[in-house]
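Have a look at start.pdb below; it lists PDB, C-alpha atoms and all ligand atoms.
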ATOM      1  CA  MET A1281      95.586  88.046 101.322  1.00  0.00           C
ATOM      2  CA  ARG A1282      94.911  91.044  99.113  1.00  0.00           C
ATOM      3  CA  PHE A1283      97.398  93.944  99.120  1.00  0.00           C
ATOM      4  CA  PHE A1284      96.192  97.530  99.194  1.00  0.00           C
ATOM      5  CA  VAL A1285      98.772 100.273  98.701  1.00  0.00           C
ATOM      6  CA  ASP A1286      98.719 102.893 101.439  1.00  0.00           C
ATOM      7  CA  THR A1287      99.636 106.010  99.486  1.00  0.00           C
ATOM      8  CA  ALA A1288      98.351 108.734  97.158  1.00  0.00           C
ATOM      9  CA  ASP A1289     101.531 108.556  95.046  1.00  0.00           C
ATOM     10  CA  VAL A1290     100.185 107.626  91.610  1.00  0.00           C
ATOM     11  CA  GLU A1291     103.550 106.560  90.180  1.00  0.00           C
ATOM     12  CA  ALA A1292     104.163 104.124  93.020  1.00  0.00           C
ATOM     13  CA  ILE A1293     100.617 102.780  92.678  1.00  0.00           C
ATOM     14  CA  ALA A1294     101.012 102.279  88.918  1.00  0.00           C
ATOM     15  CA  GLU A1295     104.304 100.400  89.379  1.00  0.00           C
ATOM     16  CA  LEU A1296     102.816  97.992  91.935  1.00  0.00           C
ATOM     17  CA  ASN A1297      99.632  97.612  89.908  1.00  0.00           C
ATOM     18  CA  GLU A1298     101.613  96.418  86.873  1.00  0.00           C
ATOM     19  CA  LEU A1299     103.045  93.626  89.023  1.00  0.00           C
ATOM     20  CA  GLY A1300      99.631  92.616  90.341  1.00  0.00           C
ATOM     21  CA  MET A1301     100.567  93.885  93.817  1.00  0.00           C
ATOM     22  CA  ALA A1302      97.862  96.562  94.068  1.00  0.00           C
ATOM     23  CA  ASP A1303      94.481  94.994  94.746  1.00  0.00           C
ATOM     24  CA  GLY A1304      93.319  98.374  95.994  1.00  0.00           C
ATOM     25  CA  VAL A1305      94.513 101.632  97.552  1.00  0.00           C
ATOM     26  CA  THR A1306      93.994 103.417 100.856  1.00  0.00           C
ATOM     27  CA  THR A1307      94.416 107.145 101.321  1.00  0.00           C
ATOM     28  CA  ASN A1308      93.864 109.447 104.277  1.00  0.00           C
ATOM     29  CA  PRO A1309      94.104 113.224 104.798  1.00  0.00           C
ATOM     30  CA  SER A1310      97.807 112.969 105.743  1.00  0.00           C
ATOM     31  CA  LEU A1311      98.601 111.023 102.561  1.00  0.00           C
ATOM     32  CA  ILE A1312      96.672 113.573 100.457  1.00  0.00           C
ATOM     33  CA  LEU A1313      98.747 116.332 102.088  1.00  0.00           C
ATOM     34  CA  LYS A1314     101.935 114.405 101.293  1.00  0.00           C
ATOM     35  CA  SER A1315     100.895 114.055  97.615  1.00  0.00           C
ATOM     36  CA  GLY A1316     100.455 117.831  97.326  1.00  0.00           C
ATOM     37  CA  ARG A1317      97.431 117.239  95.086  1.00  0.00           C
ATOM     38  CA  ASP A1318      93.711 117.994  95.100  1.00  0.00           C
ATOM     39  CA  ILE A1319      91.781 115.126  96.755  1.00  0.00           C
ATOM     40  CA  LEU A1320      89.135 114.784  94.054  1.00  0.00           C
ATOM     41  CA  GLU A1321      91.640 114.939  91.204  1.00  0.00           C
ATOM     42  CA  VAL A1322      94.230 112.540  92.639  1.00  0.00           C
ATOM     43  CA  THR A1323      91.576 110.078  93.835  1.00  0.00           C
ATOM     44  CA  LYS A1324      90.017 110.003  90.369  1.00  0.00           C
ATOM     45  CA  GLU A1325      93.415 109.279  88.834  1.00  0.00           C
ATOM     46  CA  ILE A1326      94.078 106.472  91.346  1.00  0.00           C
ATOM     47  CA  CYS A1327      90.655 104.954  90.587  1.00  0.00           C
ATOM     48  CA  SER A1328      91.537 104.863  86.902  1.00  0.00           C
ATOM     49  CA  ILE A1329      94.759 102.939  87.630  1.00  0.00           C
ATOM     50  CA  VAL A1330      93.530 100.211  89.985  1.00  0.00           C
ATOM     51  CA  ALA A1331      90.411  98.123  89.519  1.00  0.00           C
ATOM     52  CA  GLY A1332      89.936  97.342  93.215  1.00  0.00           C
ATOM     53  CA  PRO A1333      88.624  99.468  96.098  1.00  0.00           C
ATOM     54  CA  VAL A1334      90.166 102.917  96.615  1.00  0.00           C
ATOM     55  CA  SER A1335      89.524 104.352 100.071  1.00  0.00           C
ATOM     56  CA  ALA A1336      88.868 108.100 100.252  1.00  0.00           C
ATOM     57  CA  GLU A1337      88.368 109.551 103.728  1.00  0.00           C
ATOM     58  CA  VAL A1338      85.732 111.999 104.934  1.00  0.00           C
ATOM     59  CA  VAL A1339      86.910 114.848 107.168  1.00  0.00           C
ATOM     60  CA  ALA A1340      83.602 115.914 108.769  1.00  0.00           C
ATOM     61  CA  VAL A1341      82.923 114.906 112.378  1.00  0.00           C
ATOM     62  CA  GLU A1342      79.109 114.977 112.440  1.00  0.00           C
ATOM     63  CA  ALA A1343      77.220 112.066 110.869  1.00  0.00           C
ATOM     64  CA  ASP A1344      75.127 114.129 108.437  1.00  0.00           C
ATOM     65  CA  ASP A1345      78.189 115.969 107.170  1.00  0.00           C
ATOM     66  CA  MET A1346      80.126 112.699 106.833  1.00  0.00           C
ATOM     67  CA  ILE A1347      77.253 111.265 104.806  1.00  0.00           C
ATOM     68  CA  ALA A1348      77.229 114.298 102.488  1.00  0.00           C
ATOM     69  CA  GLU A1349      81.003 114.113 102.009  1.00  0.00           C
ATOM     70  CA  GLY A1350      80.824 110.347 101.528  1.00  0.00           C
ATOM     71  CA  ARG A1351      78.186 110.704  98.809  1.00  0.00           C
ATOM     72  CA  LYS A1352      80.387 113.225  96.991  1.00  0.00           C
ATOM     73  CA  LEU A1353      83.498 111.019  97.275  1.00  0.00           C
ATOM     74  CA  ALA A1354      81.531 107.964  96.112  1.00  0.00           C
ATOM     75  CA  LYS A1355      80.640 109.796  92.889  1.00  0.00           C
ATOM     76  CA  ILE A1356      84.339 109.967  91.895  1.00  0.00           C
ATOM     77  CA  ALA A1357      84.306 106.376  90.589  1.00  0.00           C
ATOM     78  CA  ASP A1358      82.565 103.033  91.026  1.00  0.00           C
ATOM     79  CA  ASN A1359      85.508 101.595  92.993  1.00  0.00           C
ATOM     80  CA  ILE A1360      85.501 104.185  95.796  1.00  0.00           C
ATOM     81  CA  ALA A1361      85.290 102.917  99.373  1.00  0.00           C
ATOM     82  CA  VAL A1362      84.236 105.780 101.622  1.00  0.00           C
ATOM     83  CA  LYS A1363      86.445 105.896 104.705  1.00  0.00           C
ATOM     84  CA  VAL A1364      84.841 107.038 107.958  1.00  0.00           C
ATOM     85  CA  PRO A1365      86.409 107.207 111.444  1.00  0.00           C
ATOM     86  CA  LEU A1366      85.390 104.769 114.149  1.00  0.00           C
ATOM     87  CA  THR A1367      83.296 107.200 116.176  1.00  0.00           C
ATOM     88  CA  TRP A1368      79.594 106.918 116.975  1.00  0.00           C
ATOM     89  CA  ALA A1369      78.939 109.456 114.207  1.00  0.00           C
ATOM     90  CA  GLY A1370      81.144 107.434 111.861  1.00  0.00           C
ATOM     91  CA  LEU A1371      79.117 104.298 112.593  1.00  0.00           C
ATOM     92  CA  LYS A1372      75.898 106.163 111.764  1.00  0.00           C
ATOM     93  CA  ALA A1373      77.425 107.355 108.485  1.00  0.00           C
ATOM     94  CA  CYS A1374      78.633 103.800 107.772  1.00  0.00           C
ATOM     95  CA  LYS A1375      75.125 102.394 108.169  1.00  0.00           C
ATOM     96  CA  VAL A1376      73.592 104.989 105.841  1.00  0.00           C
ATOM     97  CA  LEU A1377      76.327 104.874 103.192  1.00  0.00           C
ATOM     98  CA  THR A1378      76.452 101.066 103.003  1.00  0.00           C
ATOM     99  CA  GLY A1379      72.637 101.065 102.874  1.00  0.00           C
ATOM    100  CA  GLU A1380      72.929 103.192  99.732  1.00  0.00           C
ATOM    101  CA  GLY A1381      75.164 100.567  98.140  1.00  0.00           C
ATOM    102  CA  ASN A1382      78.562 102.135  98.828  1.00  0.00           C
ATOM    103  CA  MET A1383      81.645 100.333 100.110  1.00  0.00           C
ATOM    104  CA  VAL A1384      82.650 101.741 103.504  1.00  0.00           C
ATOM    105  CA  ASN A1385      86.006 101.398 105.244  1.00  0.00           C
ATOM    106  CA  VAL A1386      85.772 102.151 108.978  1.00  0.00           C
ATOM    107  CA  THR A1387      89.166 103.451 109.998  1.00  0.00           C
ATOM    108  CA  LEU A1388      91.111 104.281 113.173  1.00  0.00           C
ATOM    109  CA  CYS A1389      90.083 101.043 114.894  1.00  0.00           C
ATOM    110  CA  PHE A1390      92.055 100.256 118.041  1.00  0.00           C
ATOM    111  CA  SER A1391      89.889  97.696 119.891  1.00  0.00           C
ATOM    112  CA  ALA A1392      87.919  94.503 119.301  1.00  0.00           C
ATOM    113  CA  ASN A1393      84.760  96.207 120.573  1.00  0.00           C
ATOM    114  CA  GLN A1394      85.126  98.944 117.975  1.00  0.00           C
ATOM    115  CA  ALA A1395      85.514  96.278 115.281  1.00  0.00           C
ATOM    116  CA  LEU A1396      82.402  94.491 116.538  1.00  0.00           C
ATOM    117  CA  LEU A1397      80.394  97.717 116.269  1.00  0.00           C
ATOM    118  CA  ALA A1398      81.687  98.387 112.746  1.00  0.00           C
ATOM    119  CA  ALA A1399      80.573  94.924 111.617  1.00  0.00           C
ATOM    120  CA  LYS A1400      77.131  95.484 113.158  1.00  0.00           C
ATOM    121  CA  ALA A1401      76.926  98.808 111.256  1.00  0.00           C
ATOM    122  CA  GLY A1402      77.554  96.929 107.997  1.00  0.00           C
ATOM    123  CA  ALA A1403      81.140  98.030 107.303  1.00  0.00           C
ATOM    124  CA  THR A1404      82.712  96.587 104.168  1.00  0.00           C
ATOM    125  CA  PHE A1405      86.193  96.925 105.711  1.00  0.00           C
ATOM    126  CA  ILE A1406      87.450  97.444 109.250  1.00  0.00           C
ATOM    127  CA  SER A1407      90.893  99.029 109.534  1.00  0.00           C
ATOM    128  CA  PRO A1408      92.708  98.105 112.772  1.00  0.00           C
ATOM    129  CA  PHE A1409      95.923 100.158 113.068  1.00  0.00           C
ATOM    130  CA  ILE A1410      98.786  97.833 113.989  1.00  0.00           C
ATOM    131  CA  GLY A1411     101.750 100.221 113.997  1.00  0.00           C
ATOM    132  CA  ARG A1412     100.082 102.891 116.089  1.00  0.00           C
ATOM    133  CA  LEU A1413      99.249 100.296 118.788  1.00  0.00           C
ATOM    134  CA  ASP A1414     102.846  99.031 118.702  1.00  0.00           C
ATOM    135  CA  ASP A1415     103.949 102.673 119.095  1.00  0.00           C
ATOM    136  CA  ILE A1416     102.277 102.814 122.530  1.00  0.00           C
ATOM    137  CA  ASN A1417     103.734  99.446 123.637  1.00  0.00           C
ATOM    138  CA  MET A1418     100.610  97.425 122.834  1.00  0.00           C
ATOM    139  CA  ASP A1419     100.556  94.513 120.380  1.00  0.00           C
ATOM    140  CA  GLY A1420      98.726  95.518 117.212  1.00  0.00           C
ATOM    141  CA  MET A1421      98.880  91.965 115.891  1.00  0.00           C
ATOM    142  CA  ASP A1422      96.919  90.683 118.935  1.00  0.00           C
ATOM    143  CA  LEU A1423      94.090  92.978 117.840  1.00  0.00           C
ATOM    144  CA  ILE A1424      94.057  91.485 114.325  1.00  0.00           C
ATOM    145  CA  ALA A1425      93.841  87.987 115.858  1.00  0.00           C
ATOM    146  CA  ASP A1426      91.016  89.006 118.233  1.00  0.00           C
ATOM    147  CA  ILE A1427      88.963  90.567 115.439  1.00  0.00           C
ATOM    148  CA  ARG A1428      89.552  87.508 113.199  1.00  0.00           C
ATOM    149  CA  GLN A1429      88.193  85.243 115.940  1.00  0.00           C
ATOM    150  CA  ILE A1430      85.187  87.441 116.708  1.00  0.00           C
ATOM    151  CA  TYR A1431      84.211  87.857 113.043  1.00  0.00           C
ATOM    152  CA  ASP A1432      84.608  84.105 112.440  1.00  0.00           C
ATOM    153  CA  ASN A1433      82.586  83.249 115.580  1.00  0.00           C
ATOM    154  CA  TYR A1434      79.573  85.043 114.165  1.00  0.00           C
ATOM    155  CA  GLY A1435      80.160  84.904 110.401  1.00  0.00           C
ATOM    156  CA  PHE A1436      80.428  88.676 109.919  1.00  0.00           C
ATOM    157  CA  ASP A1437      81.153  89.602 106.287  1.00  0.00           C
ATOM    158  CA  THR A1438      83.182  92.703 107.195  1.00  0.00           C
ATOM    159  CA  GLN A1439      86.704  92.300 105.826  1.00  0.00           C
ATOM    160  CA  ILE A1440      89.686  92.826 108.103  1.00  0.00           C
ATOM    161  CA  LEU A1441      91.982  95.387 106.485  1.00  0.00           C
ATOM    162  CA  ALA A1442      95.197  95.344 108.522  1.00  0.00           C
ATOM    163  CA  ALA A1443      96.463  98.942 108.485  1.00  0.00           C
ATOM    164  CA  SER A1444      99.259 101.093 109.859  1.00  0.00           C
ATOM    165  CA  ILE A1445     101.686  98.441 108.686  1.00  0.00           C
ATOM    166  CA  ARG A1446     105.288  99.461 109.167  1.00  0.00           C
ATOM    167  CA  SER A1447     107.368  96.403 108.273  1.00  0.00           C
ATOM    168  CA  ALA A1448     107.526  93.309 106.079  1.00  0.00           C
ATOM    169  CA  ASN A1449     107.131  91.224 109.261  1.00  0.00           C
ATOM    170  CA  HIS A1450     103.760  92.894 109.866  1.00  0.00           C
ATOM    171  CA  MET A1451     102.663  91.668 106.418  1.00  0.00           C
ATOM    172  CA  SER A1452     103.527  88.012 107.028  1.00  0.00           C
ATOM    173  CA  GLN A1453     102.081  88.081 110.551  1.00  0.00           C
ATOM    174  CA  ALA A1454      98.810  89.570 109.287  1.00  0.00           C
ATOM    175  CA  ALA A1455      98.688  86.899 106.561  1.00  0.00           C
ATOM    176  CA  LEU A1456      99.302  84.104 109.113  1.00  0.00           C
ATOM    177  CA  ILE A1457      96.443  85.359 111.269  1.00  0.00           C
ATOM    178  CA  GLY A1458      94.161  85.543 108.259  1.00  0.00           C
ATOM    179  CA  ALA A1459      93.599  89.257 107.683  1.00  0.00           C
ATOM    180  CA  ASP A1460      91.561  89.569 104.486  1.00  0.00           C
ATOM    181  CA  VAL A1461      93.582  92.541 103.260  1.00  0.00           C
ATOM    182  CA  ALA A1462      96.712  94.398 104.351  1.00  0.00           C
ATOM    183  CA  THR A1463      97.429  97.970 103.366  1.00  0.00           C
ATOM    184  CA  ALA A1464     101.046  99.037 103.381  1.00  0.00           C
ATOM    185  CA  PRO A1465     103.239 101.797 101.983  1.00  0.00           C
ATOM    186  CA  PRO A1466     105.008 100.919  98.693  1.00  0.00           C
ATOM    187  CA  ASN A1467     108.419 100.624 100.386  1.00  0.00           C
ATOM    188  CA  VAL A1468     107.099  97.996 102.823  1.00  0.00           C
ATOM    189  CA  ILE A1469     105.595  95.920  99.993  1.00  0.00           C
ATOM    190  CA  LYS A1470     108.899  96.106  98.096  1.00  0.00           C
ATOM    191  CA  ALA A1471     110.879  95.226 101.251  1.00  0.00           C
ATOM    192  CA  MET A1472     109.037  91.898 101.376  1.00  0.00           C
ATOM    193  CA  ALA A1473     111.305  90.768  98.506  1.00  0.00           C
ATOM    194  CA  ASN A1474     114.489  91.313 100.526  1.00  0.00           C
ATOM    195  CA  HIS A1475     116.518  88.592 102.220  1.00  0.00           C
ATOM    196  CA  PRO A1476     120.255  88.771 103.022  1.00  0.00           C
ATOM    197  CA  LEU A1477     120.759  85.152 101.966  1.00  0.00           C
ATOM    198  CA  THR A1478     119.221  85.953  98.571  1.00  0.00           C
ATOM    199  CA  ASP A1479     121.717  88.820  98.141  1.00  0.00           C
ATOM    200  CA  LYS A1480     124.622  86.650  99.339  1.00  0.00           C
ATOM    201  CA  GLY A1481     123.606  83.716  97.136  1.00  0.00           C
ATOM    202  CA  LEU A1482     123.209  85.909  94.061  1.00  0.00           C
ATOM    203  CA  ASP A1483     126.595  87.506  94.674  1.00  0.00           C
ATOM    204  CA  GLY A1484     128.225  84.058  94.803  1.00  0.00           C
ATOM    205  CA  PHE A1485     126.485  82.857  91.639  1.00  0.00           C
ATOM    206  CA  LEU A1486     127.457  85.988  89.705  1.00  0.00           C
ATOM    207  CA  LYS A1487     131.113  85.722  90.768  1.00  0.00           C
ATOM    208  CA  ASP A1488     131.253  82.072  89.646  1.00  0.00           C
ATOM    209  CA  TRP A1489     129.464  82.920  86.407  1.00  0.00           C
ATOM    210  CA  ALA A1490     132.050  85.582  85.606  1.00  0.00           C
ATOM    211  CA  LYS A1491     134.772  82.922  86.013  1.00  0.00           C
ATOM    212  CA  THR A1492     133.109  80.725  83.353  1.00  0.00           C
ATOM    213  CA  GLY A1493     133.636  83.444  80.741  1.00  0.00           C
ATOM    214  CA  GLN A1494     130.254  82.497  79.220  1.00  0.00           C
ATOM    215  CA  LYS A1495     127.326  84.692  78.088  1.00  0.00           C
ATOM    216  CA  ILE A1496     123.648  83.838  77.764  1.00  0.00           C
ATOM    217  CA  LEU A1497     122.837  86.716  75.399  1.00  0.00           C
TER
HETATM  218  C1  LIG A1501      95.149 103.106 106.630  1.00  0.00           C
HETATM  219  O1  LIG A1501      94.133 103.175 105.979  1.00  0.00           O
HETATM  220  C2  LIG A1501      95.923 104.278 107.056  1.00  0.00           C
HETATM  221  O2  LIG A1501      95.944 105.188 105.986  1.00  0.00           O
HETATM  222  C3  LIG A1501      97.360 103.963 107.370  1.00  0.00           C
HETATM  223  O3  LIG A1501      97.597 102.570 107.328  1.00  0.00           O
HETATM  224  C4  LIG A1501      97.872 104.627 108.593  1.00  0.00           C
HETATM  225  O4  LIG A1501      99.220 104.266 108.760  1.00  0.00           O
HETATM  226  P1  LIG A1501     100.188 105.064 109.743  1.00  0.00           P
HETATM  227  O5  LIG A1501      99.819 104.713 111.159  1.00  0.00           O
HETATM  228  O6  LIG A1501     101.555 104.548 109.402  1.00  0.00           O
HETATM  229  O7  LIG A1501     100.015 106.514 109.448  1.00  0.00           O
END
Will you turn the file into structure tokens for me?
Ligand code: E4P
Amino acid sequence: MRFFVDTADVEAIAELNELGMADGVTTNPSLILKSGRDILEVTKEICSIVAGPVSAEVVAVEADDMIAEGRKLAKIADNIAVKVPLTWAGLKACKVLTGEGNMVNVTLCFSANQALLAAKAGATFISPFIGRLDDINMDGMDLIADIRQIYDNYGFDTQILAASIRSANHMSQAALIGADVATAPPNVIKAMANHPLTDKGLDGFLKDWAKTGQKIL
């Protein structure tokens, strides 16, 4: 499973990229706001750090305007994936933009039917939002499993990009189901390294090592 980093924080992206943990990046208007930076400038910088797809989201609601914004965003760098919302207009924009050779990430997906439509419209990525479904007492992971089955039934090439990931458990569950990619905030990716038995074991080893009075360096 590839990891995308769900942030517009360039320092956090660079740190994860050095470790091989950033196969791509996803941004959205809220993350651009949080960065406090200009969308074109920060997206260009992110594209120069990571080699993989960097999602940059349109903010228009009509198809023609989305297409115009998508074309402008796609010019930032070769690794831009234009992000469009899963509306009828977004599907129209997806079809046109992928037809022009761009990667397109169809975002804000909350149902298997929406994912089916995105695949038919030629989406490169479909982004089902796990955490936001969990927030309303639905099971976001069930949606990932349903989309996996539907795409496999018909051999759709659209990649499942598990999004709105809020915990390390979401990452392992998405990997077990077979999501192609998961996008998560840097703190969630780092939290995957944590285990209380690792901390306890290390503490014990270090205490015993101190008793030996030895040094390695
Ligand atoms: C994905 O592309 C979105 O930017 C993101 O995963 C949304 O996550 P949130 O529901 O935690 O805001």
Per residue of chain A within 7 Å of ligand LIG 1501 (chain A), note the shortest atom pair and the distance in Å to one decimal, counting all atoms listed in the file, and order the rows by chain and increasing residue number, as a Markdown table.
| residue | atom | partner | partner_atom | distance |
| --- | --- | --- | --- | --- |
| A:Asp1286 | CA | A:LIG1501 | O2 | 5.8 |
| A:Thr1306 | CA | A:LIG1501 | O1 | 5.1 |
| A:Thr1307 | CA | A:LIG1501 | O2 | 5.3 |
| A:Asn1308 | CA | A:LIG1501 | O2 | 5.0 |
| A:Thr1387 | CA | A:LIG1501 | O1 | 6.4 |
| A:Ser1407 | CA | A:LIG1501 | O1 | 6.4 |
| A:Phe1409 | CA | A:LIG1501 | O5 | 6.3 |
| A:Gly1411 | CA | A:LIG1501 | O5 | 5.7 |
| A:Arg1412 | CA | A:LIG1501 | O5 | 5.3 |
| A:Ala1443 | CA | A:LIG1501 | O3 | 4.0 |
| A:Ser1444 | CA | A:LIG1501 | O4 | 3.4 |
| A:Ile1445 | CA | A:LIG1501 | O3 | 6.0 |
| A:Arg1446 | CA | A:LIG1501 | O6 | 6.3 |
| A:Thr1463 | CA | A:LIG1501 | O3 | 6.1 |
| A:Ala1464 | CA | A:LIG1501 | O3 | 6.3 |
Pull C-alpha atoms from the residues just selected and write them as a short mmCIF file (atom, residue, chain, number, x, y, z; two decimals), in the coordinates of the input.
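Saved the output as again_1.cif:
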data_model
loop_
_atom_site.label_atom_id
_atom_site.label_comp_id
_atom_site.auth_asym_id
_atom_site.auth_seq_id
_atom_site.Cartn_x
_atom_site.Cartn_y
_atom_site.Cartn_z
CA ASP A 1286 98.72 102.89 101.44
CA THR A 1306 93.99 103.42 100.86
CA THR A 1307 94.42 107.14 101.32
CA ASN A 1308 93.86 109.45 104.28
CA THR A 1387 89.17 103.45 110.00
CA SER A 1407 90.89 99.03 109.53
CA PHE A 1409 95.92 100.16 113.07
CA GLY A 1411 101.75 100.22 114.00
CA ARG A 1412 100.08 102.89 116.09
CA ALA A 1443 96.46 98.94 108.48
CA SER A 1444 99.26 101.09 109.86
CA ILE A 1445 101.69 98.44 108.69
CA ARG A 1446 105.29 99.46 109.17
CA THR A 1463 97.43 97.97 103.37
CA ALA A 1464 101.05 99.04 103.38
#
Worksheet, complete the sentence: Expressed in Å, the length from CA of Glu1295 (chain A) to CA of Ser1335 (chain A) is 18.7 Å
Discussion item. Quick one: residues within 12 Å of Ser1447 (chain A), all atoms listed in the file, excluding same-chain residues fewer than 5 positions away - as number ranges by chain?
Written reply: A: 1410-1411, 1414, 1452-1454, 1462-1474
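Between CA of Ala1361 (chain A) and CA of Ile1312 (chain A) the separation is 15.6 Å.
Taking CA of Asn1385 (chain A) as the reference point, CA of Ala1354 (chain A) is found at 12.1 Å.
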Fill in: Reference answer for the PyMOL selection byres (((chain A and resi 1337-1341) around 9) and not hetatm), as an MDAnalysis selection string
chainID A and resid 1306:1309 1335:1336 1342:1347 1349:1350 1353 1361:1365 1367 1369:1370 1385 1387
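The nearest approach to Leu1366 (chain A) among the residues A:Lys1314, A:Leu1388, A:Lys1352, A:Glu1380, with only C-alpha atoms taken into account, belongs to A:Leu1388.
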Response to the item:
Counting only C-alpha atoms, closest pick from A:Ile1457, A:Leu1296, A:Ala1399, A:Gln1439 relative to Leu1423 (chain A) is A:Ile1457
Worksheet item: If you count only C-alpha atoms, which residues fall within 10 Å of Val1330 (chain A), apart from same-chain ones fewer than 3 positions away, as a ChimeraX atom specification?
Response: /A:1284,1293-1294,1296-1298,1300,1302-1305,1325-1327,1333-1334,1359
Worksheet entry | Reference answer for the PyMOL selection byres (((chain A and resi 1424-1428) around 12) and not hetatm), as a PyMOL selection string | chain A and resi 1389-1399+1405-1411+1413+1419-1423+1429-1445+1450-1451+1453-1462
Taking all listed atoms of region 1392-1410 of chain A, build the axis-aligned box, pad each of the six sides by 5 Å, then write its centre and edge lengths in Å to one decimal as JSON.
{"center_x": 87.9, "center_y": 97.3, "center_z": 112.4, "size_x": 31.9, "size_y": 15.7, "size_z": 26.4}
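Among A:Val1285, A:Ala1401, A:Leu1486, A:Ala1292, the residue with the shortest atom-to-atom distance to Leu1377 (chain A), counting only C-alpha atoms, is A:Ala1401.
Closest approach to Val1386 (chain A) among A:Ala1373, A:Ile1416, A:Ala1357, A:Leu1320 is made by A:Ala1373 (distances from only C-alpha atoms).
Nearest residue to Gly1332 (chain A), choosing from A:Lys1400, A:Arg1351, A:Arg1282, A:Lys1480 and counting only C-alpha atoms: A:Arg1282.
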